[in-house]
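Novice: I am attaching a structure below and will ask some questions about it afterwards.
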Amino acid sequence: MAWTFSQRAQKLTSSAIREILKVTERPEVTSFAGGLPSSATFPVERMRAACVDILTQAPAPALQYGPTEGYLPLRDWIAARHKVAVGNVLVTTGSQQGLDLLGKVLIDAGSRVLVETPTYLGALQAFSLNEPQFASVPSDDDGVIPAQLTQELTQGGRFMYCLPSFQNPTGRLLSVARRQELVRIAADAGLLLVEDDPYGSLAYGGEQLPTLHSMNPEGVVYMGSFSKVLAPGLRVGYILAPEGLLRKIVQAKQAADLHTPSFTQRIVYECIKDGFLGEHIPKIRKLYASQCRTMLDAMTEHFPPTVQWNAPAGGMFIWAKLPPHVDAEVLLEKAIAANIAFVPGAPFFANEPQHNTMRLSFVTVPKERIIDGITRLGEIIARECAAK
Ligand SMILES: Cc1ncc(COP(=O)(O)O)c(C=O)c1O
């Protein structure tokens, strides 16, 4: 049987790194590569009880088709949390679907899409199917630099994709002043902002900064997710958008999957309706803060002084910069041979990849293994640094 792939599909490639990282499933590998939340935080008993309740009290609607916009009580909960009207809320099948749908309704081939430097790889992949031209907005250790949003960059831009809180891959947090400046400049330039915020509530200190969306709901599309605060396997996220834009996204979602599963939406709602997240999220923060501290301390002790990294105030990632001559993809091969994995940073750049960067996740690895893995990774890095 012969088939012809669409031109769009022909451009899809499987990343070489993904192939290398397949080995991370082996138990002997200490993997700092994953973007997964810790399964120790999944509220299993609460979900079991929720499933029993749902199947006892409302089996038919839970197992039936539902509205594309989502399960109304869950939409109401989201609307109340973000102080928007329920008509501005669409439940999505994870926020990854939100990225896919936004790409479909906002990007034509050749459209300019602005992104941070670096940015979330999954967003680059989702948007790429629509063949945009990515424009990278310069960023520093404190996140994207609003003053760099020149007219030349914003002109004709369909939107700018922003990750202000504990960005994947860098863990960076954008200050309130930069948030305000970004929102103001974008509004003046008529540029739509897309705010992706799966990690915002995982601030170790507990204090959440105001979202871009809260500063200008008419100019910002917001994406939230229950993946990092409940469980990613449920595949429940959401979009907040001005009504006219949301209507178009709903049409695209209808074509994609009719609706997010009725059953998982109800599980989420049953779990959270009594204020459960208020007690659950602090536990996740505490665990991740402590794992993060362990990794940072081990890095300070065992990484060569020529390596730089940030100390994130929340989220799941540390971003490290190696000396300019060290290529993290080459380093990864050597690390894998020693049963250690991480993600090289280059694929997270839409343009001009920085090959001497790497992302380390600390959330799923027990502390003893973090210390052992970082110790051995430090030795491998030291050898690479000395090699030239
Ligand atoms: C920045 C960012 N956006 C979106 C997603 C996708 O999350 P979801 O499970 O809600 O689809 C992730 C997942 O890791 C992410 O890091």
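Ordering of the structure tokens sets the chain letters (A, B, ...), residue numbers begin anew at 1 in every chain, and ligands are numbered from 1 in the order given.
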I'd like to know which residues of region 118-300 of chain A are helix (DSSP H, G or I) (by DSSP, run on the backbone); could you write them as a PyMOL selection string?
Specialist: chain A and resi 121-128+146-148+151-154+176-189+212-215+232-234+243-257+262-272+276-300
Novice: So which residues touch Pro210 (chain A) within 8 Å, counting only C-alpha atoms, skipping near sequence neighbours fewer than 4 positions away, as an MDAnalysis selection string?
Specialist: chainID A and resid 176 214:215
Novice: Give me a file of those residues, with N, CA and C atoms, as a tab-separated table (two decimals), in the first residue's frame.
Specialist:
```
chain	number	residue	atom	x	y	z
A	176	VAL	N	6.65	41.33	38.45
A	176	VAL	CA	5.39	42.06	38.23
A	176	VAL	C	5.64	43.25	37.31
A	214	SER	N	-4.93	38.65	34.06
A	214	SER	CA	-5.65	39.49	35.04
A	214	SER	C	-5.39	40.97	34.77
A	215	MET	N	-4.27	41.26	34.07
A	215	MET	CA	-3.94	42.66	33.80
A	215	MET	C	-4.65	43.21	32.56
```
Novice: Could you list, as a PyMOL selection string, all protein and nucleic acid residues with an atom at most 9 Å from ligand 1, counting only C-alpha atoms and all ligand atoms?
Specialist: chain A and resi 35-37+92-99+119-123+163+166-169+196-199+223-228+231-238
Novice: Now that the selection is made, can you save its residues with N, CA, C and O atoms as a short mmCIF file (atom, residue, chain, number, x, y, z; two decimals), in the first residue's frame?
Specialist:
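Saved to out_29.cif:
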```cif
data_model
loop_
_atom_site.label_atom_id
_atom_site.label_comp_id
_atom_site.auth_asym_id
_atom_site.auth_seq_id
_atom_site.Cartn_x
_atom_site.Cartn_y
_atom_site.Cartn_z
N GLY A 35 9.57 15.71 32.03
CA GLY A 35 8.78 16.89 32.35
C GLY A 35 7.57 16.45 33.16
O GLY A 35 6.57 17.15 33.22
N LEU A 36 7.67 15.27 33.76
CA LEU A 36 6.50 14.71 34.45
C LEU A 36 6.41 15.21 35.89
O LEU A 36 7.43 15.36 36.55
N PRO A 37 5.17 15.42 36.40
CA PRO A 37 5.04 15.69 37.82
C PRO A 37 5.34 14.42 38.63
O PRO A 37 5.35 13.32 38.06
N THR A 92 -10.30 22.12 27.90
CA THR A 92 -9.55 21.46 26.81
C THR A 92 -8.96 20.14 27.29
O THR A 92 -8.88 19.89 28.49
N THR A 93 -8.54 19.34 26.35
CA THR A 93 -7.94 18.05 26.66
C THR A 93 -6.45 18.27 26.94
O THR A 93 -5.60 18.03 26.10
N GLY A 94 -6.19 18.79 28.14
CA GLY A 94 -4.84 19.24 28.49
C GLY A 94 -4.61 20.61 27.86
O GLY A 94 -5.28 20.98 26.89
N SER A 95 -3.65 21.36 28.41
CA SER A 95 -3.40 22.65 27.78
C SER A 95 -2.66 22.47 26.46
O SER A 95 -2.65 23.36 25.62
N GLN A 96 -2.07 21.29 26.27
CA GLN A 96 -1.43 21.03 24.98
C GLN A 96 -2.46 21.15 23.85
O GLN A 96 -2.16 21.64 22.77
N GLN A 97 -3.70 20.71 24.11
CA GLN A 97 -4.72 20.88 23.08
C GLN A 97 -5.01 22.36 22.85
O GLN A 97 -5.28 22.78 21.72
N GLY A 98 -4.94 23.14 23.91
CA GLY A 98 -5.13 24.59 23.76
C GLY A 98 -4.12 25.17 22.78
O GLY A 98 -4.46 25.99 21.92
N LEU A 99 -2.88 24.71 22.88
CA LEU A 99 -1.84 25.20 21.97
C LEU A 99 -2.16 24.81 20.53
O LEU A 99 -2.04 25.60 19.60
N THR A 119 11.91 28.66 24.66
CA THR A 119 10.48 28.52 24.95
C THR A 119 10.12 27.04 25.03
O THR A 119 10.97 26.16 24.79
N TYR A 120 8.86 26.77 25.36
CA TYR A 120 8.40 25.37 25.53
C TYR A 120 8.39 24.64 24.18
O TYR A 120 7.71 25.07 23.24
N LEU A 121 9.13 23.56 24.14
CA LEU A 121 9.27 22.79 22.90
C LEU A 121 7.92 22.30 22.37
O LEU A 121 7.66 22.30 21.16
N GLY A 122 7.04 21.88 23.29
CA GLY A 122 5.73 21.36 22.88
C GLY A 122 4.89 22.42 22.17
O GLY A 122 4.05 22.09 21.32
N ALA A 123 5.11 23.68 22.51
CA ALA A 123 4.38 24.76 21.83
C ALA A 123 4.97 24.96 20.44
O ALA A 123 4.22 25.13 19.46
N LEU A 163 5.38 32.54 28.80
CA LEU A 163 5.39 31.63 29.96
C LEU A 163 5.95 32.40 31.16
O LEU A 163 7.12 32.22 31.51
N PHE A 166 7.69 30.31 36.09
CA PHE A 166 8.45 29.06 36.18
C PHE A 166 8.47 28.32 34.84
O PHE A 166 8.10 27.16 34.71
N GLN A 167 8.95 29.07 33.90
CA GLN A 167 8.93 28.67 32.50
C GLN A 167 9.51 27.27 32.29
O GLN A 167 10.50 26.90 32.95
N ASN A 168 8.94 26.53 31.40
CA ASN A 168 9.54 25.32 30.85
C ASN A 168 10.24 25.78 29.57
O ASN A 168 9.55 26.28 28.69
N PRO A 169 11.56 25.73 29.46
CA PRO A 169 12.50 24.90 30.22
C PRO A 169 13.31 25.61 31.31
O PRO A 169 14.04 24.92 32.02
N ASP A 196 0.68 30.84 28.87
CA ASP A 196 0.60 29.42 29.21
C ASP A 196 1.09 29.29 30.66
O ASP A 196 2.22 29.63 30.96
N ASP A 197 0.23 28.75 31.53
CA ASP A 197 0.53 28.88 32.96
C ASP A 197 0.30 27.59 33.76
O ASP A 197 -0.39 27.59 34.77
N PRO A 198 0.93 26.48 33.35
CA PRO A 198 0.69 25.25 34.13
C PRO A 198 1.41 25.22 35.47
O PRO A 198 1.08 24.40 36.32
N TYR A 199 2.42 26.11 35.66
CA TYR A 199 3.25 26.02 36.87
C TYR A 199 3.03 27.16 37.86
O TYR A 199 3.65 27.16 38.92
N MET A 223 -3.99 29.97 29.31
CA MET A 223 -4.16 28.52 29.35
C MET A 223 -3.78 27.96 30.71
O MET A 223 -2.67 28.22 31.19
N GLY A 224 -4.69 27.24 31.32
CA GLY A 224 -4.43 26.61 32.61
C GLY A 224 -4.50 25.10 32.46
O GLY A 224 -4.96 24.58 31.44
N SER A 225 -4.04 24.40 33.51
CA SER A 225 -4.00 22.95 33.42
C SER A 225 -4.13 22.32 34.80
O SER A 225 -3.64 22.88 35.79
N PHE A 226 -4.76 21.17 34.86
CA PHE A 226 -4.80 20.41 36.11
C PHE A 226 -3.70 19.34 36.14
O PHE A 226 -3.62 18.56 37.08
N SER A 227 -2.85 19.33 35.11
CA SER A 227 -1.83 18.27 35.01
C SER A 227 -0.82 18.33 36.14
O SER A 227 -0.38 17.30 36.64
N LYS A 228 -0.41 19.53 36.54
CA LYS A 228 0.68 19.63 37.50
C LYS A 228 0.16 19.79 38.94
O LYS A 228 0.94 19.79 39.87
N ALA A 231 -3.28 15.52 38.20
CA ALA A 231 -2.62 14.41 37.51
C ALA A 231 -2.73 14.63 35.99
O ALA A 231 -3.81 14.95 35.49
N PRO A 232 -1.63 14.45 35.27
CA PRO A 232 -1.65 14.72 33.82
C PRO A 232 -2.44 13.68 33.02
O PRO A 232 -2.93 13.97 31.94
N GLY A 233 -2.58 12.47 33.59
CA GLY A 233 -3.29 11.42 32.86
C GLY A 233 -4.77 11.72 32.69
O GLY A 233 -5.44 11.12 31.85
N LEU A 234 -5.29 12.65 33.47
CA LEU A 234 -6.70 13.02 33.31
C LEU A 234 -6.92 13.79 32.03
O LEU A 234 -8.01 13.81 31.47
N ARG A 235 -5.87 14.49 31.57
CA ARG A 235 -5.92 15.33 30.37
C ARG A 235 -7.02 16.40 30.49
O ARG A 235 -7.93 16.46 29.64
N VAL A 236 -6.95 17.20 31.50
CA VAL A 236 -7.90 18.30 31.63
C VAL A 236 -7.15 19.62 31.82
O VAL A 236 -6.34 19.76 32.74
N GLY A 237 -7.40 20.54 30.91
CA GLY A 237 -6.87 21.89 30.99
C GLY A 237 -7.96 22.85 30.56
O GLY A 237 -9.12 22.45 30.38
N TYR A 238 -7.61 24.12 30.37
CA TYR A 238 -8.64 25.07 29.94
C TYR A 238 -8.02 26.29 29.29
O TYR A 238 -6.84 26.58 29.46
#
```
Novice: Tell me, in Å to one decimal, how far CA of Leu230 (chain A) is from CA of Ala40 (chain A).
Specialist: 10.8 Å
Novice: Quick one: everything within 9 Å of Pro61 (chain A), counting only C-alpha atoms, minus sequence neighbours fewer than 3 positions away in the same chain. Send it as number ranges by chain.
Specialist: A: 58, 64-66, 262-263
Novice: Just to confirm, what's the straight-line distance from CA of Arg376 (chain A) to CA of Phe362 (chain A) in Å (one decimal)?
Specialist: 15.3 Å
